[in-house]
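Novice: My file is target22.txt. It has compact mmCIF, C-alpha atoms and all ligand atoms:
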# COMPACT_ATOMS: atom_id res chain seq x y z
CA MET A 9 5.51 153.59 -61.59
CA LYS A 10 5.36 154.49 -65.30
CA THR A 11 2.20 153.14 -66.89
CA LEU A 12 0.97 152.82 -70.48
CA VAL A 13 -2.72 152.31 -71.30
CA ILE A 14 -3.59 150.94 -74.76
CA GLY A 15 -6.94 151.84 -76.33
CA THR A 16 -9.17 154.76 -77.26
CA GLY A 17 -12.46 154.40 -75.43
CA GLY A 18 -14.31 155.31 -72.25
CA ARG A 19 -12.85 152.33 -70.44
CA GLU A 20 -9.33 153.50 -71.24
CA HIS A 21 -10.16 157.06 -70.16
CA ALA A 22 -11.51 155.75 -66.85
CA LEU A 23 -8.36 153.61 -66.35
CA ALA A 24 -6.02 156.48 -67.23
CA LEU A 25 -7.94 158.85 -64.96
CA ALA A 26 -7.73 156.45 -62.00
CA LEU A 27 -4.01 155.91 -62.63
CA SER A 28 -3.44 159.68 -62.83
CA ARG A 29 -4.99 160.00 -59.34
CA ASP A 30 -2.93 157.09 -57.95
CA PRO A 31 -0.03 158.28 -55.75
CA GLN A 32 2.02 155.21 -56.74
CA VAL A 33 1.92 156.21 -60.42
CA SER A 34 4.54 158.69 -61.61
CA GLU A 35 3.58 158.90 -65.28
CA VAL A 36 0.54 157.90 -67.31
CA HIS A 37 1.01 157.33 -71.02
CA ALA A 38 -1.70 156.22 -73.41
CA ALA A 39 -1.92 155.14 -77.05
CA PRO A 40 -3.72 156.01 -79.22
CA GLY A 41 -5.96 157.66 -76.57
CA ASN A 42 -8.59 160.33 -77.17
CA PRO A 43 -9.02 164.03 -76.29
CA GLY A 44 -10.25 163.20 -72.78
CA ILE A 45 -7.32 160.88 -72.08
CA ALA A 46 -4.98 163.62 -73.33
CA ALA A 47 -5.91 165.66 -70.25
CA VAL A 48 -4.55 162.99 -67.87
CA ALA A 49 -1.89 161.17 -69.92
CA THR A 50 0.82 161.70 -72.51
CA LEU A 51 -0.50 160.37 -75.81
CA HIS A 52 1.43 158.32 -78.38
CA GLU A 53 0.46 156.84 -81.70
CA VAL A 54 0.25 153.08 -82.09
CA ASP A 55 -1.88 150.48 -83.79
CA PRO A 56 -3.23 148.48 -80.81
CA MET A 57 -3.62 145.43 -83.07
CA ASP A 58 0.14 145.41 -83.77
CA GLY A 59 1.59 143.71 -80.68
CA GLY A 60 5.16 144.32 -81.81
CA ALA A 61 4.49 148.05 -82.13
CA VAL A 62 2.79 148.17 -78.71
CA ALA A 63 5.79 146.41 -77.14
CA ALA A 64 8.25 148.71 -78.92
CA LEU A 65 6.37 151.78 -77.68
CA ALA A 66 6.38 150.41 -74.12
CA VAL A 67 10.15 149.85 -74.31
CA SER A 68 10.82 153.27 -75.83
CA ILE A 69 9.04 155.17 -73.07
CA GLY A 70 10.38 152.94 -70.28
CA ALA A 71 6.90 151.76 -69.23
CA GLU A 72 6.89 149.49 -66.19
CA LEU A 73 3.28 148.41 -66.54
CA VAL A 74 1.21 148.17 -69.72
CA VAL A 75 -2.58 147.88 -69.55
CA ILE A 76 -4.29 146.59 -72.69
CA GLY A 77 -7.86 147.91 -72.63
CA PRO A 78 -9.92 146.38 -75.49
CA GLU A 79 -10.57 142.76 -76.39
CA ALA A 80 -9.44 142.75 -80.02
CA PRO A 81 -5.73 143.45 -79.30
CA LEU A 82 -5.81 140.90 -76.46
CA VAL A 83 -7.24 138.23 -78.76
CA ALA A 84 -4.57 139.22 -81.31
CA GLY A 85 -1.75 138.68 -78.78
CA ALA A 86 -0.76 142.21 -77.74
CA ALA A 87 -0.23 141.19 -74.11
CA ASP A 88 2.00 138.28 -75.18
CA ALA A 89 4.16 140.67 -77.21
CA VAL A 90 4.57 143.09 -74.30
CA ARG A 91 5.50 140.29 -71.90
CA GLU A 92 7.98 138.88 -74.42
CA ALA A 93 9.67 142.30 -74.32
CA GLY A 94 10.13 141.82 -70.58
CA ILE A 95 7.52 144.36 -69.43
CA ALA A 96 4.73 143.62 -66.96
CA CYS A 97 1.40 143.63 -68.75
CA PHE A 98 -2.15 143.62 -67.43
CA GLY A 99 -4.24 141.52 -69.80
CA PRO A 100 -4.58 137.88 -70.80
CA SER A 101 -2.55 136.08 -73.46
CA ALA A 102 -4.15 135.46 -76.84
CA ALA A 103 -4.86 131.89 -75.73
CA ALA A 104 -6.56 132.96 -72.50
CA ALA A 105 -8.47 135.80 -74.20
CA GLN A 106 -10.34 133.09 -76.14
CA LEU A 107 -12.67 133.09 -73.13
CA GLU A 108 -14.11 136.20 -74.80
CA GLY A 109 -12.89 135.57 -78.34
CA SER A 110 -14.95 132.42 -78.83
CA LYS A 111 -18.28 131.85 -77.14
CA ALA A 112 -17.99 128.14 -77.97
CA PHE A 113 -14.61 127.97 -76.18
CA ALA A 114 -16.09 129.75 -73.15
CA LYS A 115 -18.85 127.14 -73.03
CA LEU A 116 -16.26 124.32 -73.10
CA VAL A 117 -14.33 125.87 -70.21
CA MET A 118 -17.52 126.41 -68.21
CA ALA A 119 -18.57 122.81 -68.79
CA ALA A 120 -15.18 121.51 -67.63
CA ALA A 121 -15.20 123.80 -64.57
CA GLU A 122 -18.88 123.08 -63.77
CA VAL A 123 -19.73 126.77 -63.95
CA PRO A 124 -23.49 127.43 -64.17
CA THR A 125 -24.46 128.81 -67.57
CA GLY A 126 -27.28 128.53 -70.08
CA LEU A 127 -27.63 125.34 -72.14
CA ALA A 128 -26.29 125.96 -75.62
CA HIS A 129 -25.69 124.40 -79.01
CA VAL A 130 -22.86 125.38 -81.33
CA CYS A 131 -24.29 125.41 -84.87
CA GLU A 132 -22.64 125.63 -88.27
CA THR A 133 -25.44 124.65 -90.67
CA SER A 134 -28.97 125.96 -91.11
CA GLU A 135 -30.33 122.51 -90.21
CA GLN A 136 -28.47 122.63 -86.87
CA VAL A 137 -29.70 126.19 -86.31
CA GLU A 138 -33.35 125.33 -86.91
CA ALA A 139 -33.15 122.23 -84.72
CA ALA A 140 -31.58 124.19 -81.85
CA LEU A 141 -34.12 127.02 -82.11
CA ASP A 142 -36.98 124.55 -81.96
CA ALA A 143 -35.41 122.63 -79.09
CA PHE A 144 -35.28 125.77 -76.91
CA GLY A 145 -38.35 127.61 -78.20
CA ALA A 146 -38.93 131.38 -78.01
CA PRO A 147 -37.51 133.78 -76.98
CA TYR A 148 -34.53 132.81 -79.14
CA VAL A 149 -30.93 133.73 -78.27
CA VAL A 150 -28.47 133.62 -81.18
CA LYS A 151 -24.83 134.64 -80.65
CA ASP A 152 -22.10 135.10 -83.21
CA ASP A 153 -19.27 132.81 -82.06
CA ALA A 154 -16.64 135.46 -82.80
CA LEU A 155 -15.95 138.93 -81.37
CA ALA A 156 -18.65 141.38 -82.45
CA ALA A 157 -18.21 144.43 -80.18
CA GLY A 158 -21.35 143.68 -78.20
CA LYS A 159 -23.54 143.53 -81.29
CA GLY A 160 -23.30 139.85 -82.18
CA VAL A 161 -26.22 138.79 -80.00
CA VAL A 162 -29.85 138.76 -81.08
CA VAL A 163 -32.58 138.01 -78.55
CA THR A 164 -35.94 137.78 -80.30
CA SER A 165 -39.26 135.97 -80.37
CA ASP A 166 -39.29 136.25 -84.16
CA ARG A 167 -38.02 132.88 -85.43
CA GLN A 168 -37.20 134.25 -88.89
CA GLU A 169 -35.08 137.02 -87.37
CA ALA A 170 -33.19 134.39 -85.35
CA VAL A 171 -32.64 132.26 -88.48
CA ASP A 172 -31.48 135.29 -90.50
CA HIS A 173 -29.01 136.41 -87.81
CA ALA A 174 -27.53 132.91 -87.64
CA ALA A 175 -27.16 132.82 -91.41
CA ALA A 176 -25.38 136.18 -91.38
CA CYS A 177 -22.89 135.07 -88.71
CA GLY A 178 -21.68 131.67 -89.85
CA ARG A 179 -20.79 129.79 -86.68
CA VAL A 180 -23.23 130.62 -83.88
CA VAL A 181 -24.05 129.62 -80.35
CA ILE A 182 -27.78 129.15 -79.76
CA GLU A 183 -28.66 129.38 -76.13
CA GLU A 184 -31.61 128.93 -73.80
CA PHE A 185 -33.18 132.25 -72.77
CA LEU A 186 -32.12 133.37 -69.30
CA ASP A 187 -34.60 135.50 -67.40
CA GLY A 188 -33.87 137.75 -64.44
CA PRO A 189 -31.74 140.84 -63.81
CA GLU A 190 -28.22 141.07 -65.17
CA VAL A 191 -25.13 141.77 -63.10
CA SER A 192 -21.57 142.46 -64.20
CA LEU A 193 -19.01 141.11 -61.77
CA PHE A 194 -15.35 141.80 -62.54
CA ALA A 195 -12.41 140.02 -60.98
CA ILE A 196 -8.75 140.91 -61.11
CA THR A 197 -6.59 137.80 -61.29
CA ASP A 198 -2.96 136.85 -61.71
CA GLY A 199 -3.95 133.36 -62.86
CA GLU A 200 -4.20 132.04 -59.32
CA THR A 201 -5.43 134.63 -56.83
CA VAL A 202 -8.87 136.05 -57.68
CA LEU A 203 -9.99 139.42 -56.30
CA PRO A 204 -13.61 140.29 -57.14
CA LEU A 205 -14.53 143.95 -57.57
CA GLN A 206 -17.85 145.47 -56.57
CA PRO A 207 -20.77 144.24 -58.73
CA ALA A 208 -22.31 146.68 -61.19
CA GLN A 209 -25.25 146.72 -63.54
CA ASP A 210 -25.06 147.71 -67.18
CA PHE A 211 -27.94 148.80 -69.46
CA LYS A 212 -27.45 147.13 -72.83
CA ARG A 213 -30.53 148.25 -74.72
CA ALA A 214 -30.51 151.58 -76.52
CA PHE A 215 -33.67 153.14 -75.10
CA ASP A 216 -35.57 153.64 -71.84
CA GLY A 217 -37.41 150.65 -70.44
CA ASP A 218 -34.93 148.26 -72.13
CA ALA A 219 -36.42 148.98 -75.55
CA GLY A 220 -34.48 149.03 -78.81
CA PRO A 221 -31.43 147.17 -80.04
CA ASN A 222 -28.48 145.92 -77.98
CA THR A 223 -25.60 148.38 -77.68
CA GLY A 224 -22.16 148.33 -76.11
CA GLY A 225 -23.83 149.67 -72.94
CA MET A 226 -25.80 152.88 -72.26
CA GLY A 227 -25.12 153.33 -68.57
CA ALA A 228 -24.16 151.62 -65.33
CA TYR A 229 -24.19 151.94 -61.57
CA THR A 230 -22.63 150.39 -58.51
CA PRO A 231 -23.15 149.08 -55.87
CA LEU A 232 -26.40 147.13 -56.29
CA PRO A 233 -28.54 147.68 -53.17
CA TRP A 234 -31.02 145.01 -54.32
CA ALA A 235 -28.49 142.24 -54.94
CA PRO A 236 -28.40 139.26 -52.57
CA ASP A 237 -25.79 139.69 -49.80
CA ASN A 238 -23.92 136.54 -50.78
CA LEU A 239 -23.77 137.35 -54.51
CA VAL A 240 -20.05 138.18 -54.70
CA ALA A 241 -19.04 135.26 -52.50
CA GLU A 242 -21.22 132.83 -54.46
CA VAL A 243 -20.06 133.99 -57.90
CA THR A 244 -16.44 133.94 -56.74
CA ARG A 245 -16.80 130.37 -55.50
CA ARG A 246 -18.95 128.96 -58.31
CA VAL A 247 -17.80 130.97 -61.32
CA LEU A 248 -14.62 133.01 -61.00
CA VAL A 249 -12.33 130.66 -59.07
CA PRO A 250 -13.28 127.47 -61.00
CA THR A 251 -12.82 129.29 -64.33
CA VAL A 252 -9.41 130.65 -63.38
CA ARG A 253 -8.37 127.19 -62.12
CA GLU A 254 -9.55 125.51 -65.31
CA MET A 255 -7.63 128.00 -67.47
CA ALA A 256 -4.46 127.30 -65.46
CA ARG A 257 -5.05 123.54 -65.70
CA ARG A 258 -5.20 123.86 -69.49
CA GLY A 259 -1.80 125.55 -69.50
CA THR A 260 -3.31 128.90 -70.53
CA PRO A 261 -3.56 130.81 -67.24
CA PHE A 262 -5.87 133.81 -67.36
CA GLN A 263 -4.19 136.94 -66.09
CA GLY A 264 -5.97 140.29 -66.18
CA LEU A 265 -9.61 141.16 -65.79
CA LEU A 266 -12.18 138.38 -65.93
CA TYR A 267 -15.61 139.88 -66.56
CA ALA A 268 -18.56 137.66 -65.70
CA GLY A 269 -21.82 138.82 -67.26
CA LEU A 270 -24.46 137.11 -65.12
CA ALA A 271 -28.20 136.56 -65.11
CA LEU A 272 -29.83 136.08 -61.71
CA THR A 273 -32.49 133.65 -62.83
CA THR A 274 -35.23 132.05 -60.78
CA ARG A 275 -33.09 128.91 -60.85
CA GLY A 276 -29.95 130.66 -59.63
CA VAL A 277 -26.97 132.52 -61.07
CA ARG A 278 -26.03 131.77 -64.69
CA VAL A 279 -23.10 133.11 -66.72
CA ILE A 280 -24.33 134.90 -69.85
CA GLU A 281 -20.85 135.63 -71.12
CA PHE A 282 -17.23 136.11 -70.16
CA ASN A 283 -15.17 139.05 -71.29
CA ALA A 284 -11.42 139.25 -71.02
CA ARG A 285 -11.19 142.96 -70.16
CA PHE A 286 -12.84 145.71 -68.17
CA GLY A 287 -16.44 146.41 -69.22
CA ASP A 288 -17.57 149.74 -70.52
CA PRO A 289 -19.40 151.67 -68.99
CA GLU A 290 -19.34 149.68 -65.72
CA THR A 291 -15.63 150.46 -65.29
CA GLN A 292 -16.34 154.18 -65.09
CA SER A 293 -18.64 153.68 -62.08
CA ILE A 294 -16.56 150.98 -60.41
CA LEU A 295 -13.25 152.83 -60.55
CA ALA A 296 -14.90 156.00 -59.25
CA LEU A 297 -15.43 154.21 -55.91
CA LEU A 298 -12.17 152.24 -55.71
CA ARG A 299 -9.98 153.30 -52.79
CA THR A 300 -7.19 150.76 -53.25
CA PRO A 301 -4.60 152.23 -55.63
CA LEU A 302 -5.51 150.84 -59.08
CA SER A 303 -1.86 150.34 -59.98
CA ALA A 304 -1.39 147.95 -57.04
CA LEU A 305 -4.17 145.69 -58.34
CA LEU A 306 -3.09 145.83 -61.98
CA ASN A 307 0.58 145.35 -61.18
CA GLY A 308 -0.18 142.55 -58.72
CA ALA A 309 -2.06 140.71 -61.47
CA ALA A 310 0.63 141.40 -64.06
CA THR A 311 3.47 140.17 -61.84
CA GLY A 312 1.79 137.21 -60.13
CA THR A 313 1.82 138.93 -56.72
CA LEU A 314 -1.87 139.66 -56.27
CA ALA A 315 -2.06 137.65 -53.04
CA GLU A 316 0.05 140.37 -51.40
CA VAL A 317 -2.36 143.16 -52.41
CA GLY A 318 -5.41 142.09 -50.42
CA LEU A 319 -9.09 142.69 -51.05
CA PRO A 320 -9.97 145.95 -52.83
CA GLN A 321 -11.35 148.70 -50.61
CA TRP A 322 -14.32 150.87 -51.60
CA GLU A 323 -15.85 154.26 -50.86
CA ARG A 324 -19.14 153.83 -49.06
CA ALA A 325 -20.98 155.75 -51.76
CA SER A 326 -22.77 155.15 -55.05
CA SER A 327 -21.74 155.85 -58.60
CA VAL A 328 -23.91 156.27 -61.69
CA THR A 329 -22.66 156.51 -65.29
CA VAL A 330 -24.86 157.75 -68.14
CA VAL A 331 -23.67 157.35 -71.73
CA VAL A 332 -24.41 160.09 -74.25
CA ALA A 333 -24.67 158.51 -77.72
CA ALA A 334 -24.55 160.09 -81.14
CA GLU A 335 -27.60 160.48 -83.34
CA GLY A 336 -28.25 157.16 -85.09
CA TYR A 337 -26.36 154.99 -82.56
CA PRO A 338 -26.17 151.98 -82.61
CA GLU A 339 -27.13 151.46 -86.28
CA SER A 340 -25.36 154.34 -87.99
CA PRO A 341 -23.96 156.96 -85.62
CA ARG A 342 -23.35 160.41 -87.05
CA LYS A 343 -19.86 161.85 -86.68
CA GLY A 344 -18.46 165.36 -86.66
CA ASP A 345 -21.08 167.14 -84.50
CA ARG A 346 -19.82 169.82 -82.10
CA ILE A 347 -19.76 168.88 -78.41
CA GLU A 348 -20.45 171.72 -75.95
CA GLY A 349 -20.70 171.89 -72.16
CA VAL A 350 -18.04 169.35 -71.12
CA GLU A 351 -16.19 171.80 -68.88
CA ARG A 352 -19.36 173.00 -67.19
CA ALA A 353 -20.40 169.40 -66.49
CA GLU A 354 -16.97 168.56 -65.08
CA ALA A 355 -17.20 171.53 -62.73
CA LEU A 356 -20.16 169.91 -60.93
CA ASP A 357 -19.55 168.22 -57.59
CA GLY A 358 -18.57 164.55 -57.87
CA VAL A 359 -18.78 164.50 -61.68
CA ASP A 360 -16.29 163.27 -64.29
CA VAL A 361 -16.86 163.40 -68.02
CA ILE A 362 -15.31 160.34 -69.66
CA HIS A 363 -14.57 160.55 -73.38
CA ALA A 364 -15.15 157.65 -75.77
CA GLY A 365 -15.96 158.68 -79.36
CA THR A 366 -14.60 162.24 -79.40
CA ALA A 367 -12.01 164.00 -81.55
CA ILE A 368 -10.53 167.46 -81.93
CA VAL A 369 -11.11 168.86 -85.42
CA ASP A 370 -9.96 172.40 -86.20
CA GLY A 371 -9.58 173.07 -82.49
CA ALA A 372 -13.14 172.04 -81.66
CA LEU A 373 -14.32 168.95 -79.77
CA VAL A 374 -16.57 166.87 -82.04
CA THR A 375 -18.24 163.47 -82.06
CA ALA A 376 -16.21 160.62 -83.58
CA GLY A 377 -18.05 157.46 -82.53
CA GLY A 378 -21.35 155.97 -81.41
CA ARG A 379 -20.94 156.24 -77.69
CA VAL A 380 -19.56 159.77 -77.52
CA LEU A 381 -18.91 160.23 -73.83
CA SER A 382 -20.27 159.29 -70.45
CA VAL A 383 -20.96 161.29 -67.34
CA THR A 384 -19.96 159.50 -64.14
CA ALA A 385 -21.08 160.87 -60.80
CA VAL A 386 -20.44 159.82 -57.23
CA GLY A 387 -22.96 160.56 -54.48
CA ALA A 388 -23.73 159.49 -50.95
CA ASP A 389 -26.46 157.22 -52.31
CA LEU A 390 -27.91 156.24 -55.69
CA ALA A 391 -30.39 159.12 -55.61
CA GLU A 392 -27.63 161.70 -55.22
CA ALA A 393 -25.36 159.99 -57.75
CA ARG A 394 -28.21 159.89 -60.32
CA ARG A 395 -29.11 163.51 -59.72
CA ARG A 396 -25.50 164.58 -60.23
CA ALA A 397 -24.97 162.40 -63.32
CA TYR A 398 -28.11 163.72 -65.03
CA ALA A 399 -27.26 167.30 -64.05
CA GLY A 400 -24.01 166.72 -65.95
CA VAL A 401 -25.75 165.13 -68.93
CA ASP A 402 -28.14 168.09 -69.12
CA LEU A 403 -25.17 170.43 -69.62
CA ILE A 404 -23.78 168.45 -72.58
CA GLU A 405 -24.99 169.72 -75.94
CA ILE A 406 -24.62 167.57 -79.07
CA HIS A 407 -27.01 167.86 -82.01
CA GLY A 408 -29.31 164.82 -82.16
CA ALA A 409 -27.61 162.97 -79.29
CA HIS A 410 -29.56 160.58 -77.10
CA HIS A 411 -29.18 158.99 -73.68
CA ARG A 412 -31.27 156.80 -71.42
CA SER A 413 -33.10 158.61 -68.64
CA ASP A 414 -33.67 155.50 -66.50
CA ILE A 415 -30.14 154.44 -65.57
CA ALA A 416 -30.26 153.13 -61.95
CA LEU A 417 -33.85 154.36 -61.62
CA ALA A 418 -35.42 151.06 -60.55
CA ALA A 419 -32.59 150.50 -58.07
CA GLU A 420 -33.04 153.98 -56.62
CA GLN A 421 -36.78 153.46 -56.32
CA GLU A 422 -36.20 150.00 -54.87
CA THR A 423 -38.35 148.44 -57.57
CA MET A 424 -35.65 146.11 -58.91
CA ALA A 425 -37.16 142.65 -59.16
CA THR A 426 -34.81 139.88 -58.07
P1 LIG B 501 -23.53 139.02 -74.62
O1 LIG B 501 -22.76 139.70 -75.73
O2 LIG B 501 -23.38 137.53 -74.60
O3 LIG B 501 -23.32 139.69 -73.30
O4 LIG B 501 -25.06 139.36 -74.87
C1 LIG B 501 -25.51 140.68 -74.92
C2 LIG B 501 -26.82 140.79 -74.21
O5 LIG B 501 -27.79 139.92 -74.78
C3 LIG B 501 -26.74 140.38 -72.75
O6 LIG B 501 -26.30 141.38 -71.91
C4 LIG B 501 -28.19 140.03 -72.49
O7 LIG B 501 -28.96 141.20 -72.25
C5 LIG B 501 -28.63 139.41 -73.77
N1 LIG B 501 -28.46 137.95 -73.66
C6 LIG B 501 -27.37 137.23 -74.00
N2 LIG B 501 -27.55 135.92 -73.75
C7 LIG B 501 -28.80 135.79 -73.25
C8 LIG B 501 -29.58 134.68 -72.79
N3 LIG B 501 -29.13 133.43 -72.85
N4 LIG B 501 -30.82 134.94 -72.31
C9 LIG B 501 -31.29 136.20 -72.27
N5 LIG B 501 -30.62 137.29 -72.69
C10 LIG B 501 -29.39 137.09 -73.17
N1 LIG B 502 -20.65 146.76 -70.74
C1 LIG B 502 -20.58 145.68 -71.63
C2 LIG B 502 -19.25 145.35 -72.12
O1 LIG B 502 -18.28 146.02 -71.81
O2 LIG B 502 -19.12 144.36 -72.82
The structure in this file should be written as structure tokens.
Ligand code: AMP
Ligand code: GLY
Specialist:
Amino acid sequence: MKTLVIGTGGREHALALALSRDPQVSEVHAAPGNPGIAAVATLHEVDPMDGGAVAALAVSIGAELVVIGPEAPLVAGAADAVREAGIACFGPSAAAAQLEGSKAFAKLVMAAAEVPTGLAHVCETSEQVEAALDAFGAPYVVKDDALAAGKGVVVTSDRQEAVDHAAACGRVVIEEFLDGPEVSLFAITDGETVLPLQPAQDFKRAFDGDAGPNTGGMGAYTPLPWAPDNLVAEVTRRVLVPTVREMARRGTPFQGLLYAGLALTTRGVRVIEFNARFGDPETQSILALLRTPLSALLNGAATGTLAEVGLPQWERASSVTVVVAAEGYPESPRKGDRIEGVERAEALDGVDVIHAGTAIVDGALVTAGGRVLSVTAVGADLAEARRRAYAGVDLIEIHGAHHRSDIALAAEQETMAT
């Protein structure tokens, strides 16, 4: 099968890498890609936001399956354009991608499907904002209604900061604070059949001990040894299946990857957010353990034949991903710094280096984005996977770069509170 992956980030590198190792895939193409993806795929130029151009590229290279990686092109209708050109596409329609594109829409769908989530108010005026903040009390959770690349959410006990964030966003969703550990559970769906993947945990805050601002994600691991045994079954039954059914009932079936960001609160599981695409960096760890050919799952979803694929199979191992971020990330990441040591890290046992914000300038690999790259390692258990991932990170040299040193640490030490 000839595949085309659209996007430029770590998620797309992880997808392209898994497809390149899939015996059912004959060719991997990617656009626009990055220097890491170039090692496993043929790169093409395209503006991912231009659905017509994405579809034309897919036609011109004879792609049989197109995978749209990021949310913005999905919300803009890239998957619709590819399907209109008669090519199977993994990724929801613009209408279905509203599950991520509008937090207010996601809340409506969850209410209709009786999916457990935090209480929330949609606010458009400062009076509504102040009333909602006071109704819930601190800590305050204020979310930009629109796409904001993981940076639209402020969680704070400082009321003025909450008011200021709301004023800067326009339409916001103000939500009750959800305590408890977070879990990312992804499901592949063709709009009807729902196949959950292995749960993972992401680390959203910039610094060790969950200090600092929210980021796109600083690391991840899977599986979660501390998670309740029935977690996947319960979330599938209470969250994933009802949401997929409700989207179909509305005439906007969701086909692609449904990402449930969950909080395991003292009162049970609650959805924090839905995303309409693979999460980054959880995808790096999850795909590293997937034994079922990735193309079978993606193609099954894209062609409405997922029921024939069967439940995904997994390596009985652990995988840890550590993101290396540029100096100044997330506020103002520096670009253009030399990156050394990638090949030495990749030579380690069980280690892949996944590129995100990298570029080749004058023949040298340099930083080109906030999250520069991630090191993903597989090991027999979390301890071995962590050791290998950090051995890889230690070999990467970038001036001023930072990473978290506590990815999967509490899980390894069995001190995760549930
Ligand atoms: P989101 O973009 O909705 O995933 O939010 C980003 C991060 O903000 C989440 O991963 C949580 O760490 C935090 N967050 C979002 N909503 C809540 C909430 N209701 N209670 C506590 N933390 C939250
Ligand atoms: N890992 C968080 C996200 O992809 O949104």
Novice: Mind checking which residues fall within 6 Å of range 196-200 of chain A, counting only C-alpha atoms, ignoring those fewer than 2 positions away in the same chain, and posting them as a list in words?
Specialist: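 Answer for this query is Val202, Leu203, Pro261, Phe262, Gln263, Gly264, Leu265, Ala309 and Gly312 of chain A.
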Novice: Counting only C-alpha atoms and all ligand atoms, which protein, DNA or RNA residues come within 10 Å of ligand LIG 502 (chain B), given as a PyMOL selection string?
Specialist: chain A and resi 19+78-79+108+157-159+192+208-212+223-228+267-269+281-291
Novice: Nearest to Ala296 in chain A: which of A:Glu242, A:Glu35, A:Asp360, A:Glu20 is it, counting only C-alpha atoms?
Specialist: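 Once distances to Ala296 in chain A are computed over only C-alpha atoms, the minimum belongs to A:Asp360.
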Novice: Calculate how many Å separate CA of Ala355 in chain A from CA of Ile368 in chain A, rounding to one decimal.
Specialist: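 Pair CA of Ala355 in chain A / CA of Ile368 in chain A returns 20.7 Å.
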Novice: Taking all atoms listed in the file into account, list the residues no farther than 9 Å from ligand LIG 501 (chain B), as number ranges by chain.
Specialist: A: 111, 125-128, 147-152, 155-163, 182-191, 210-213, 222-225, 269-271, 278-283
